[in-house]
Each structure stands twice: as C-alpha cells, then as structure tokens.
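As structure tokens, the structure follows; a few thoughts come after it.
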Amino acid sequence: MNAARMIATLGFRRWYERQLIESHLCLVTCFLCIILLAVCIEHALPQSALRGSAAAVFIAFAAAAGGIWSWNHYRVVFSRAERYGHVAHCEHCGTYARFEVERTSAASSRGEPTLNVRCRQCRHRWTMPEA
Ligand SMILES: [Zn+2]
C-alpha cells in the first residue's frame, strides 16, 4: 500500500507514527547486524575455533547485507515521513495533521504520490509533499 492510500485510510498521525516505528526498528536492526558482524570478525581471528568455517563467513555476509538493507530502509522510510511531516500543518490556521485527503496524484519524480488535502479546521487546501 502506498503512502497516499495509507494516509487516507489511517489518518496522518497514525501513518506518521507507524513510519517512525518502522524506521527505528530498521535502525535497531542495523545496529544488531553491526554487532553480529563484529562478533563474526572476532571469531575469525586466528585463535578462534571457528576460524575459516563456512558458517561464520555466511553469518558475516548475512549480517553485512542485513545491516546495509536496514540502514537504507531506515533512511527511505524516515526521510519520507519527514517530508510529509514538514508540510502536514495548515499554513492558514497552523493546525497540525488535521486534514482530509481529497485526491491523490501519481507518483512525483521522487516516486512518491502527492496528496491534495483540506484542513478540517479552516478548509484551506494544499498539496503535500511540496515539490
Ligand atoms: Zn487550517
């Protein structure tokens, strides 16, 4: 489900909260992968019994791949949440995250859909995220 549909379905506050939770879970996963990679490297030292074992090498590669994927996913999800979050307040009355999605447009150059929204407080309309 894309961001526009999720915002329209869940509401902005819940969507934003879920994006932050998802991104920070990825950040924690990235740190855990780094720790696992460090453990694998330590076991690969000459005095280790696991030196040269295929399992240690496989786990090290899996930890590196998982860490890279987690870091990239964290950046994508967090930056998307921040782009939408910065324009979630009404410029007219200043109300934050209280709007209705009127229409969604096709994905922009960033690959994200744009939303035409209307403030529930004052009926002011704007587009998010900004180009
Ligand atoms: Zn308003």
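Convention: chains lettered A, B, ... in structure tokens order; per-chain residue numbering from 1; ligands numbered from 1 as shown.
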So which residues of chain A fall under strand (DSSP E or B) by DSSP, listed as an MDAnalysis selection string? chainID A and resid 89 96 99:107 113:119 125:128
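Residues in contact with ligand 1 (atom pairs separated by at most 9 Å; only C-alpha atoms and all ligand atoms) are A:His89, A:Cys90, A:Glu91, A:His92, A:Cys93, A:Gly94, A:Thr95, A:Tyr96, A:Arg98, A:Phe99, A:Arg118, A:Cys119, A:Arg120, A:Gln121, A:Cys122, A:Arg123, A:His124, A:Arg125.
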Can you pull out the residues contacting Val117 of chain A? Cut-off 12 Å, using only C-alpha atoms, and skip same-chain residues under 4 positions away; I want them as a ChimeraX atom specification. /A:4,7-8,11-12,84,87-90,97-105,122-129
So that I have them on file, write out the residues from the current selection with N, CA, C and O atoms, as a short mmCIF file (atom, residue, chain, number, x, y, z; two decimals), in the first residue's frame.
data_model
loop_
_atom_site.label_atom_id
_atom_site.label_comp_id
_atom_site.auth_asym_id
_atom_site.auth_seq_id
_atom_site.Cartn_x
_atom_site.Cartn_y
_atom_site.Cartn_z
N ALA A 4 0.10 7.46 0.07
CA ALA A 4 -1.15 8.23 -0.06
C ALA A 4 -2.35 7.43 0.42
O ALA A 4 -3.20 7.94 1.16
N ILE A 7 -2.21 7.06 4.23
CA ILE A 7 -2.58 8.29 4.94
C ILE A 7 -4.09 8.49 4.87
O ILE A 7 -4.73 8.85 5.86
N ALA A 8 -4.67 8.23 3.70
CA ALA A 8 -6.11 8.39 3.55
C ALA A 8 -6.87 7.38 4.41
O ALA A 8 -7.94 7.69 4.94
N GLY A 11 -5.22 7.92 8.48
CA GLY A 11 -5.08 9.26 9.01
C GLY A 11 -3.60 9.56 9.13
O GLY A 11 -2.78 8.65 9.26
N PHE A 12 -3.25 10.84 9.08
CA PHE A 12 -1.84 11.19 9.04
C PHE A 12 -1.10 10.82 10.31
O PHE A 12 0.01 10.29 10.27
N TYR A 84 6.71 14.38 4.42
CA TYR A 84 5.27 14.59 4.61
C TYR A 84 5.00 15.35 5.91
O TYR A 84 4.10 16.17 5.97
N VAL A 87 5.10 19.25 5.96
CA VAL A 87 4.03 20.00 5.29
C VAL A 87 2.66 19.56 5.79
O VAL A 87 1.66 19.76 5.12
N ALA A 88 2.62 18.96 6.96
CA ALA A 88 1.34 18.46 7.49
C ALA A 88 0.59 19.51 8.30
O ALA A 88 -0.45 19.21 8.86
N HIS A 89 1.13 20.72 8.39
CA HIS A 89 0.41 21.76 9.12
C HIS A 89 -0.23 22.73 8.13
O HIS A 89 0.29 23.01 7.06
N CYS A 90 -1.39 23.23 8.52
CA CYS A 90 -2.12 24.17 7.68
C CYS A 90 -1.41 25.53 7.73
O CYS A 90 -1.14 26.05 8.82
N ALA A 97 -1.63 18.27 11.23
CA ALA A 97 -2.07 16.91 10.94
C ALA A 97 -3.58 16.70 11.08
O ALA A 97 -4.02 15.61 11.40
N ARG A 98 -4.35 17.71 10.88
CA ARG A 98 -5.81 17.55 10.89
C ARG A 98 -6.31 17.98 9.51
O ARG A 98 -6.66 19.13 9.30
N PHE A 99 -6.29 17.02 8.60
CA PHE A 99 -6.73 17.32 7.24
C PHE A 99 -7.38 16.08 6.65
O PHE A 99 -7.24 14.97 7.16
N GLU A 100 -8.12 16.32 5.59
CA GLU A 100 -8.75 15.23 4.84
C GLU A 100 -8.05 15.14 3.49
O GLU A 100 -7.75 16.17 2.88
N VAL A 101 -7.80 13.93 3.04
CA VAL A 101 -7.21 13.73 1.72
C VAL A 101 -8.33 13.81 0.70
O VAL A 101 -9.26 13.01 0.72
N GLU A 102 -8.23 14.81 -0.19
CA GLU A 102 -9.26 14.97 -1.21
C GLU A 102 -8.94 14.17 -2.46
O GLU A 102 -9.83 13.62 -3.09
N ARG A 103 -7.67 14.16 -2.82
CA ARG A 103 -7.28 13.49 -4.05
C ARG A 103 -5.81 13.12 -3.97
O ARG A 103 -5.02 13.82 -3.35
N THR A 104 -5.46 12.02 -4.57
CA THR A 104 -4.06 11.64 -4.66
C THR A 104 -3.65 11.67 -6.13
O THR A 104 -4.43 11.33 -7.01
N SER A 105 -2.43 12.09 -6.35
CA SER A 105 -1.91 12.18 -7.70
C SER A 105 -0.85 11.11 -7.91
O SER A 105 -0.37 10.51 -6.96
N CYS A 122 -10.15 24.91 8.94
CA CYS A 122 -10.50 26.13 8.22
C CYS A 122 -10.77 25.90 6.73
O CYS A 122 -11.04 26.85 6.00
N ARG A 123 -10.71 24.67 6.29
CA ARG A 123 -11.00 24.29 4.89
C ARG A 123 -9.95 24.77 3.89
O ARG A 123 -10.19 24.78 2.69
N HIS A 124 -8.80 25.20 4.36
CA HIS A 124 -7.71 25.61 3.47
C HIS A 124 -7.17 24.37 2.76
O HIS A 124 -7.09 23.29 3.34
N ARG A 125 -6.80 24.53 1.50
CA ARG A 125 -6.30 23.41 0.70
C ARG A 125 -4.81 23.59 0.41
O ARG A 125 -4.36 24.71 0.18
N TRP A 126 -4.09 22.47 0.39
CA TRP A 126 -2.70 22.50 -0.03
C TRP A 126 -2.30 21.11 -0.54
O TRP A 126 -3.06 20.15 -0.44
N THR A 127 -1.10 21.05 -1.09
CA THR A 127 -0.56 19.82 -1.66
C THR A 127 0.62 19.36 -0.82
O THR A 127 1.45 20.16 -0.43
N MET A 128 0.71 18.08 -0.58
CA MET A 128 1.85 17.54 0.15
C MET A 128 2.34 16.25 -0.50
O MET A 128 1.54 15.52 -1.04
N PRO A 129 3.61 15.93 -0.47
CA PRO A 129 4.67 16.83 -0.05
C PRO A 129 4.92 17.87 -1.12
O PRO A 129 4.53 17.69 -2.25
#
Tell me which of A:Ser23, A:Arg80, A:Gly66, A:Leu36 sits closest to Thr114 of chain A, counting only C-alpha atoms. A:Arg80
Shell of 12 Å around Ala62 of chain A, only C-alpha atoms, local chain residues under 3 positions omitted, as a PyMOL selection string: chain A and resi 30+32-34+36-37+40+55-59+65-70
Please produce a file of those selected residues containing N, CA and C atoms, as a PDB file, in the first residue's frame.
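And here's result30.pdb as it stands now:
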ATOM      1  N   CYS A  30      19.792  -2.558  12.170  1.00  0.00           N
ATOM      2  CA  CYS A  30      21.107  -2.227  11.619  1.00  0.00           C
ATOM      3  C   CYS A  30      22.187  -2.317  12.691  1.00  0.00           C
ATOM      4  N   LEU A  32      22.089  -4.102  15.433  1.00  0.00           N
ATOM      5  CA  LEU A  32      22.257  -5.511  15.799  1.00  0.00           C
ATOM      6  C   LEU A  32      23.087  -6.254  14.750  1.00  0.00           C
ATOM      7  N   CYS A  33      22.882  -5.923  13.493  1.00  0.00           N
ATOM      8  CA  CYS A  33      23.682  -6.540  12.430  1.00  0.00           C
ATOM      9  C   CYS A  33      25.154  -6.142  12.545  1.00  0.00           C
ATOM     10  N   ILE A  34      25.398  -4.902  12.913  1.00  0.00           N
ATOM     11  CA  ILE A  34      26.782  -4.453  13.091  1.00  0.00           C
ATOM     12  C   ILE A  34      27.445  -5.223  14.239  1.00  0.00           C
ATOM     13  N   LEU A  36      26.574  -8.203  15.323  1.00  0.00           N
ATOM     14  CA  LEU A  36      26.760  -9.582  14.849  1.00  0.00           C
ATOM     15  C   LEU A  36      27.966  -9.684  13.921  1.00  0.00           C
ATOM     16  N   LEU A  37      28.126  -8.710  13.067  1.00  0.00           N
ATOM     17  CA  LEU A  37      29.286  -8.702  12.174  1.00  0.00           C
ATOM     18  C   LEU A  37      30.579  -8.599  12.966  1.00  0.00           C
ATOM     19  N   CYS A  40      31.326 -11.924  14.433  1.00  0.00           N
ATOM     20  CA  CYS A  40      31.848 -12.839  13.408  1.00  0.00           C
ATOM     21  C   CYS A  40      33.304 -12.535  13.088  1.00  0.00           C
ATOM     22  N   ALA A  55      30.204 -21.424   8.162  1.00  0.00           N
ATOM     23  CA  ALA A  55      29.078 -20.832   8.885  1.00  0.00           C
ATOM     24  C   ALA A  55      29.396 -19.401   9.320  1.00  0.00           C
ATOM     25  N   ALA A  56      30.610 -19.186   9.815  1.00  0.00           N
ATOM     26  CA  ALA A  56      30.991 -17.850  10.269  1.00  0.00           C
ATOM     27  C   ALA A  56      31.029 -16.871   9.105  1.00  0.00           C
ATOM     28  N   VAL A  57      31.527 -17.328   7.976  1.00  0.00           N
ATOM     29  CA  VAL A  57      31.582 -16.465   6.792  1.00  0.00           C
ATOM     30  C   VAL A  57      30.169 -16.148   6.302  1.00  0.00           C
ATOM     31  N   PHE A  58      29.318 -17.169   6.283  1.00  0.00           N
ATOM     32  CA  PHE A  58      27.951 -16.955   5.845  1.00  0.00           C
ATOM     33  C   PHE A  58      27.220 -15.989   6.776  1.00  0.00           C
ATOM     34  N   ILE A  59      27.383 -16.159   8.069  1.00  0.00           N
ATOM     35  CA  ILE A  59      26.726 -15.270   9.027  1.00  0.00           C
ATOM     36  C   ILE A  59      27.255 -13.849   8.885  1.00  0.00           C
ATOM     37  N   ALA A  65      24.850  -7.782   4.846  1.00  0.00           N
ATOM     38  CA  ALA A  65      23.738  -7.493   3.928  1.00  0.00           C
ATOM     39  C   ALA A  65      22.526  -6.971   4.690  1.00  0.00           C
ATOM     40  N   GLY A  66      22.225  -7.613   5.822  1.00  0.00           N
ATOM     41  CA  GLY A  66      21.097  -7.155   6.634  1.00  0.00           C
ATOM     42  C   GLY A  66      21.313  -5.747   7.164  1.00  0.00           C
ATOM     43  N   GLY A  67      22.530  -5.441   7.559  1.00  0.00           N
ATOM     44  CA  GLY A  67      22.829  -4.099   8.059  1.00  0.00           C
ATOM     45  C   GLY A  67      22.692  -3.048   6.982  1.00  0.00           C
ATOM     46  N   ILE A  68      23.188  -3.353   5.800  1.00  0.00           N
ATOM     47  CA  ILE A  68      23.080  -2.395   4.687  1.00  0.00           C
ATOM     48  C   ILE A  68      21.625  -2.192   4.297  1.00  0.00           C
ATOM     49  N   TRP A  69      20.875  -3.296   4.189  1.00  0.00           N
ATOM     50  CA  TRP A  69      19.455  -3.175   3.835  1.00  0.00           C
ATOM     51  C   TRP A  69      18.693  -2.384   4.899  1.00  0.00           C
ATOM     52  N   SER A  70      18.952  -2.673   6.166  1.00  0.00           N
ATOM     53  CA  SER A  70      18.256  -1.984   7.247  1.00  0.00           C
ATOM     54  C   SER A  70      18.557  -0.494   7.246  1.00  0.00           C
TER      55      SER A  70
END
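Across A:Leu10, A:Ile35, A:Ala64, A:Ala3, the tightest approach to Val77 of chain A is made by A:Ala3 when counting only C-alpha atoms.
Take atom CA of Trp71 of chain A and atom CA of Cys26 of chain A: the distance between them is 6.7 Å.
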Distance criterion (only C-alpha atoms): nearest to Phe78 of chain A out of A:Ala60, A:Arg5, A:Arg13, A:Leu25: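 Residue with the minimum atom-to-atom distance to Phe78 of chain A: A:Leu25.
Of the listed residues (A:Glu22, A:Leu45, A:Asn2, A:Ala63), A:Asn2 comes nearest to Gly111 of chain A; the distances count only C-alpha atoms.
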So the first atom is atom CA of Tyr74 of chain A and the second is atom CA of Glu112 of chain A; what is the distance between them in Å, to one decimal place?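 Going from atom CA of Tyr74 of chain A over to atom CA of Glu112 of chain A, I get 16.3 Å.
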